[in-house]
Amino acid sequence: MNDLAIMYHYVQPPKWRGIVPLDPKDFERQIEWVTRNYEVVAPDELGKPRGQKPFCVLTFDDGTKDQYDVAFQILQKKGIPAYFTVMSGPIANRRVPVFHLIHVVLSFFSDQEIWEELSAKYDLQAVPEQSKIYAYEPNLFRRYNKYALNFHLSEQQSREFLEEKALSVFHSFENFIDSYYINEREYIKMRQAGMTLGVHATDHRAFEGKAEDFFQREIQPCREFMREKLGVDAKWYTPAFGGGEQAGRMMEELEGILRSHGFVGAFTTKPGLNNGLNSFWLHRYDCICLPPRSEVPWK
Ligand SMILES: [Zn+2]
């Protein structure tokens with residue numbers, strides 16, 4: 001039980017305020033630590049006979065542009081394989097998940113400005129009291145904004161407000177999507193460079209309802225997009241939000257469906273080590289839990 005999988009999201013200089021990215025320099029230093037201690041492999045190689053070092057898989061969620069511009073370039077130069085996932089909704093349907101729109105808007109506008117605009121538009125009197133679930137968030141306005149946009153307003157209300165703000169920065173939806181997400185041409189280059197591409201989601205929904213319906217709605221459209229546009233027969237899956245609140249039920253009910261469609265494994269957000277391909281659902285540590293920023297969590 002010594003194999004490691006690392007979860008990455010944004011890898012870019014900390015120029016944006018709405019998200020906490022891994023700085024490219026820290027990423028390079030982490031890759032050095034990884035290659036000293038592990039054999040970095042593609043997910044498909046997890047079942048092969050091992051040498052002296054345990055395996056490590058580098059995994060990337062959400063398909064944001066920085067992963068192509070920064071992480072992929074570094075890895076390609078070093079000849080290191082990695083596993084990147086596709087979220088097809090933004091590229092295929094020009095539909096951006098609300099939680100990503102929130103990242104963008106909170107990056108470009110101050111929290112106070114957003115809160116004042118939202119309050120002028122909607123009745124948000126109950127939000128300060130209700131927003132205690134974001135108590136870890138030190139900035140009060142950010143706490144209110146996150147609660148209001150994620151929970152208080154309807155998805156449609158949040159989407160309208162956020163899309164308008166995003167458009168004021170990026171001018172057109174085309175420009176926004178091409179600036180923020182890896183495009184088809186770039187995914188094909190990554191594939192040609194030997195990177196593994198897998199399914200993340202269509203619209204980035206947490207697991208809910210019947211497993212078969214969820215598969216048809218969130219997994220199959222992304223898989224078809226990958227087959228048609230990227231020439232990839234996806235065999236690996238990374239559930240959005242790690243499955244969400246119903247992750248336990250997801251692991252029980254979705255595995256058989258995924259296997260019957262040719263999937264061989266999936267990466268969760270549950271921390272822990274793995275043992276080759278002994279389990280369909282593999283654990284991952286978030287990159288910020290690992291050196292150089294932090295000590296190894298299991299030592
Ligand atoms: Zn995600």
# chains A, B, ... in the order shown; residues from 1 in each chain; ligands from 1
>>> closest_atom_pairs(of="chain A", to="ligand 1", cutoff="10 Å", atoms="only C-alpha atoms and all ligand atoms", output="Markdown table")
| residue | atom | partner | partner_atom_place_in_ligand_line | distance |
| --- | --- | --- | --- | --- |
| A:Tyr8 | CA | ligand 1 | 1 (Zn) | 9.9 |
| A:His9 | CA | ligand 1 | 1 (Zn) | 7.9 |
| A:Phe60 | CA | ligand 1 | 1 (Zn) | 8.9 |
| A:Asp61 | CA | ligand 1 | 1 (Zn) | 5.2 |
| A:Asp62 | CA | ligand 1 | 1 (Zn) | 4.6 |
| A:Gly63 | CA | ligand 1 | 1 (Zn) | 8.4 |
| A:Thr64 | CA | ligand 1 | 1 (Zn) | 9.9 |
| A:Thr85 | CA | ligand 1 | 1 (Zn) | 9.0 |
| A:Val86 | CA | ligand 1 | 1 (Zn) | 9.5 |
| A:Met87 | CA | ligand 1 | 1 (Zn) | 8.0 |
| A:Pro97 | CA | ligand 1 | 1 (Zn) | 9.7 |
| A:Phe99 | CA | ligand 1 | 1 (Zn) | 9.4 |
| A:His100 | CA | ligand 1 | 1 (Zn) | 9.1 |
| A:His200 | CA | ligand 1 | 1 (Zn) | 6.8 |
| A:Ala201 | CA | ligand 1 | 1 (Zn) | 7.8 |
| A:Asp203 | CA | ligand 1 | 1 (Zn) | 9.7 |
| A:His204 | CA | ligand 1 | 1 (Zn) | 6.4 |
| A:Arg205 | CA | ligand 1 | 1 (Zn) | 9.0 |
| A:Ala206 | CA | ligand 1 | 1 (Zn) | 9.5 |
| A:Thr238 | CA | ligand 1 | 1 (Zn) | 8.1 |
| A:Pro239 | CA | ligand 1 | 1 (Zn) | 7.4 |
| A:Ala240 | CA | ligand 1 | 1 (Zn) | 4.6 |
| A:Phe241 | CA | ligand 1 | 1 (Zn) | 5.6 |
| A:Gly242 | CA | ligand 1 | 1 (Zn) | 7.8 |
| A:Gly243 | CA | ligand 1 | 1 (Zn) | 9.8 |
| A:Thr269 | CA | ligand 1 | 1 (Zn) | 10.0 |
>>> residues_around(residues="Met7 (chain A)", least_positions_apart="5", cutoff="10 Å", atoms="only C-alpha atoms", output="PyMOL selection string")
chain A and resi 57-61+83+267-269+271+283-289
>>> write_last_selection(atoms="N, CA, C and O atoms", output="CSV table (one decimal), in the first residue's frame")
chain,number,residue,atom,x,y,z
A,57,VAL,N,1.0,8.6,-9.6
A,57,VAL,CA,0.3,9.1,-10.7
A,57,VAL,C,-0.1,10.6,-10.4
A,57,VAL,O,-0.5,10.9,-9.3
A,58,LEU,N,0.3,11.4,-11.4
A,58,LEU,CA,-0.1,12.9,-11.2
A,58,LEU,C,-1.4,13.1,-11.9
A,58,LEU,O,-1.6,12.8,-13.1
A,59,THR,N,-2.4,13.6,-11.2
A,59,THR,CA,-3.7,13.8,-11.8
A,59,THR,C,-4.2,15.2,-11.7
A,59,THR,O,-3.9,16.0,-10.8
A,60,PHE,N,-4.8,15.7,-12.8
A,60,PHE,CA,-5.3,17.1,-12.9
A,60,PHE,C,-6.8,17.1,-13.2
A,60,PHE,O,-7.3,16.4,-14.1
A,61,ASP,N,-7.5,17.9,-12.4
A,61,ASP,CA,-8.9,18.1,-12.5
A,61,ASP,C,-9.3,19.3,-13.2
A,61,ASP,O,-8.6,20.4,-13.1
A,83,TYR,N,-1.9,12.3,-15.9
A,83,TYR,CA,-3.3,12.0,-16.2
A,83,TYR,C,-4.1,13.3,-16.1
A,83,TYR,O,-4.2,13.9,-15.0
A,267,PHE,N,-10.4,8.0,-9.8
A,267,PHE,CA,-9.6,8.7,-8.8
A,267,PHE,C,-10.6,9.6,-7.9
A,267,PHE,O,-11.3,10.4,-8.4
A,268,THR,N,-10.6,9.3,-6.6
A,268,THR,CA,-11.5,10.0,-5.7
A,268,THR,C,-10.7,11.2,-5.1
A,268,THR,O,-9.6,11.5,-5.4
A,269,THR,N,-11.4,11.9,-4.2
A,269,THR,CA,-10.7,13.0,-3.4
A,269,THR,C,-10.4,12.5,-2.0
A,269,THR,O,-10.1,13.3,-1.2
A,271,PRO,N,-8.2,11.1,0.8
A,271,PRO,CA,-6.7,11.0,1.0
A,271,PRO,C,-6.4,9.5,1.4
A,271,PRO,O,-7.1,8.9,2.1
A,283,HIS,N,-7.3,6.4,-4.0
A,283,HIS,CA,-7.2,7.6,-3.2
A,283,HIS,C,-6.3,8.6,-3.8
A,283,HIS,O,-5.4,8.2,-4.6
A,284,ARG,N,-6.4,9.8,-3.4
A,284,ARG,CA,-5.4,10.9,-3.8
A,284,ARG,C,-5.1,11.8,-2.7
A,284,ARG,O,-6.0,12.1,-1.8
A,285,TYR,N,-3.9,12.3,-2.7
A,285,TYR,CA,-3.6,13.4,-1.8
A,285,TYR,C,-3.6,14.7,-2.6
A,285,TYR,O,-3.1,14.8,-3.7
A,286,ASP,N,-4.1,15.8,-2.0
A,286,ASP,CA,-4.1,17.1,-2.6
A,286,ASP,C,-2.6,17.6,-2.6
A,286,ASP,O,-1.9,17.3,-1.7
A,287,CYS,N,-2.2,18.2,-3.7
A,287,CYS,CA,-0.8,18.6,-3.8
A,287,CYS,C,-0.3,19.5,-2.7
A,287,CYS,O,0.8,19.5,-2.3
A,288,ILE,N,-1.2,20.3,-2.1
A,288,ILE,CA,-0.8,21.2,-1.0
A,288,ILE,C,-0.5,20.4,0.3
A,288,ILE,O,0.1,21.0,1.2
A,289,CYS,N,-0.8,19.1,0.4
A,289,CYS,CA,-0.5,18.3,1.6
A,289,CYS,C,0.9,17.8,1.5
A,289,CYS,O,1.4,17.1,2.4
>>> select_by_dssp(residues="region 125-204 of chain A", states="strand (DSSP E or B)", output="NGL selection string")
:A and (181 or 196-201)
>>> residues_around(residues="region 44-53 of chain A", least_positions_apart="3", cutoff="9 Å", atoms="only C-alpha atoms", output="JSON, numbers by chain")
{"A": [3, 37, 38, 39, 41, 56, 57, 196, 235, 236, 264, 275, 276, 277, 278]}
>>> select_by_dssp(residues="region 13-186 of chain A", states="helix (DSSP H, G or I)", output="MDAnalysis selection string")
chainID A and resid 24:37 43:47 65:78 88:93 98:108 111:121 127:134 140:152 155:170 173:180 184:186
>>> closest_atom_pairs(of="region 149-234 of chain A", to="region 67-73 of chain A", cutoff="9 Å", atoms="only C-alpha atoms", output="Markdown table")
| residue | atom | partner | partner_atom | distance |
| --- | --- | --- | --- | --- |
| A:Tyr181 | CA | A:Tyr68 | CA | 8.9 |
| A:Ile182 | CA | A:Tyr68 | CA | 6.5 |
| A:Glu186 | CA | A:Tyr68 | CA | 7.2 |
| A:Tyr187 | CA | A:Tyr68 | CA | 8.3 |
| A:Met190 | CA | A:Phe72 | CA | 7.5 |
| A:Met195 | CA | A:Phe72 | CA | 8.7 |
>>> write_last_selection(atoms="C-alpha atoms", output="PDB file, in the first residue's frame")
ATOM      1  CA  TYR A 181     -10.145  26.052 -20.534  1.00  0.00           C
ATOM      2  CA  ILE A 182      -7.903  23.690 -22.488  1.00  0.00           C
ATOM      3  CA  GLU A 186      -4.448  21.422 -26.997  1.00  0.00           C
ATOM      4  CA  TYR A 187      -5.952  18.202 -25.649  1.00  0.00           C
ATOM      5  CA  MET A 190      -1.345  16.400 -24.861  1.00  0.00           C
ATOM      6  CA  MET A 195      -0.540  12.078 -21.555  1.00  0.00           C
TER       7      MET A 195
END
>>> closest_residue(among="A:Ala92, A:Leu75, A:Leu4, A:Ile188", to="Phe55 (chain A)", atoms="only C-alpha atoms")
A:Leu4
>>> atom_distance(atom1="CA of Pro81 (chain A)", atom2="CA of Leu197 (chain A)")
10.9 Å
>>> atom_distance(atom1="CA of Tyr237 (chain A)", atom2="CA of Leu254 (chain A)")
11.0 Å
>>> residues_around(residues="Glu208 (chain A)", least_positions_apart="4", cutoff="10 Å", atoms="only C-alpha atoms", output="list of chain:residue names")
A:Asp213, A:Phe214, A:Gly243, A:Gly244, A:Glu245, A:Gln246, A:Ala247, A:Arg249, A:Met250
>>> residues_around(residues="Ala166 (chain A)", least_positions_apart="3", cutoff="9 Å", atoms="only C-alpha atoms", output="JSON, numbers by chain")
{"A": [101, 104, 105, 108, 161, 162, 163, 169, 170, 171, 172, 173, 176]}
>>> write_last_selection(atoms="C-alpha atoms", output="short mmCIF file (atom, residue, chain, number, x, y, z; two decimals), in the first residue's frame")
data_model
loop_
_atom_site.label_atom_id
_atom_site.label_comp_id
_atom_site.auth_asym_id
_atom_site.auth_seq_id
_atom_site.Cartn_x
_atom_site.Cartn_y
_atom_site.Cartn_z
CA LEU A 101 -17.87 31.22 -12.71
CA VAL A 104 -13.49 33.82 -12.14
CA VAL A 105 -15.66 36.58 -10.73
CA PHE A 108 -11.43 39.92 -10.94
CA PHE A 161 -25.20 37.54 -12.44
CA LEU A 162 -21.87 35.73 -12.83
CA GLU A 163 -21.98 35.39 -16.61
CA VAL A 169 -13.84 40.98 -18.23
CA PHE A 170 -13.52 38.63 -21.21
CA HIS A 171 -15.84 40.52 -23.64
CA SER A 172 -17.19 37.40 -25.35
CA PHE A 173 -18.11 33.95 -24.15
CA PHE A 176 -13.73 33.49 -21.88
#
>>> atom_distance(atom1="CA of Leu118 (chain A)", atom2="CA of Leu167 (chain A)")
16.6 Å
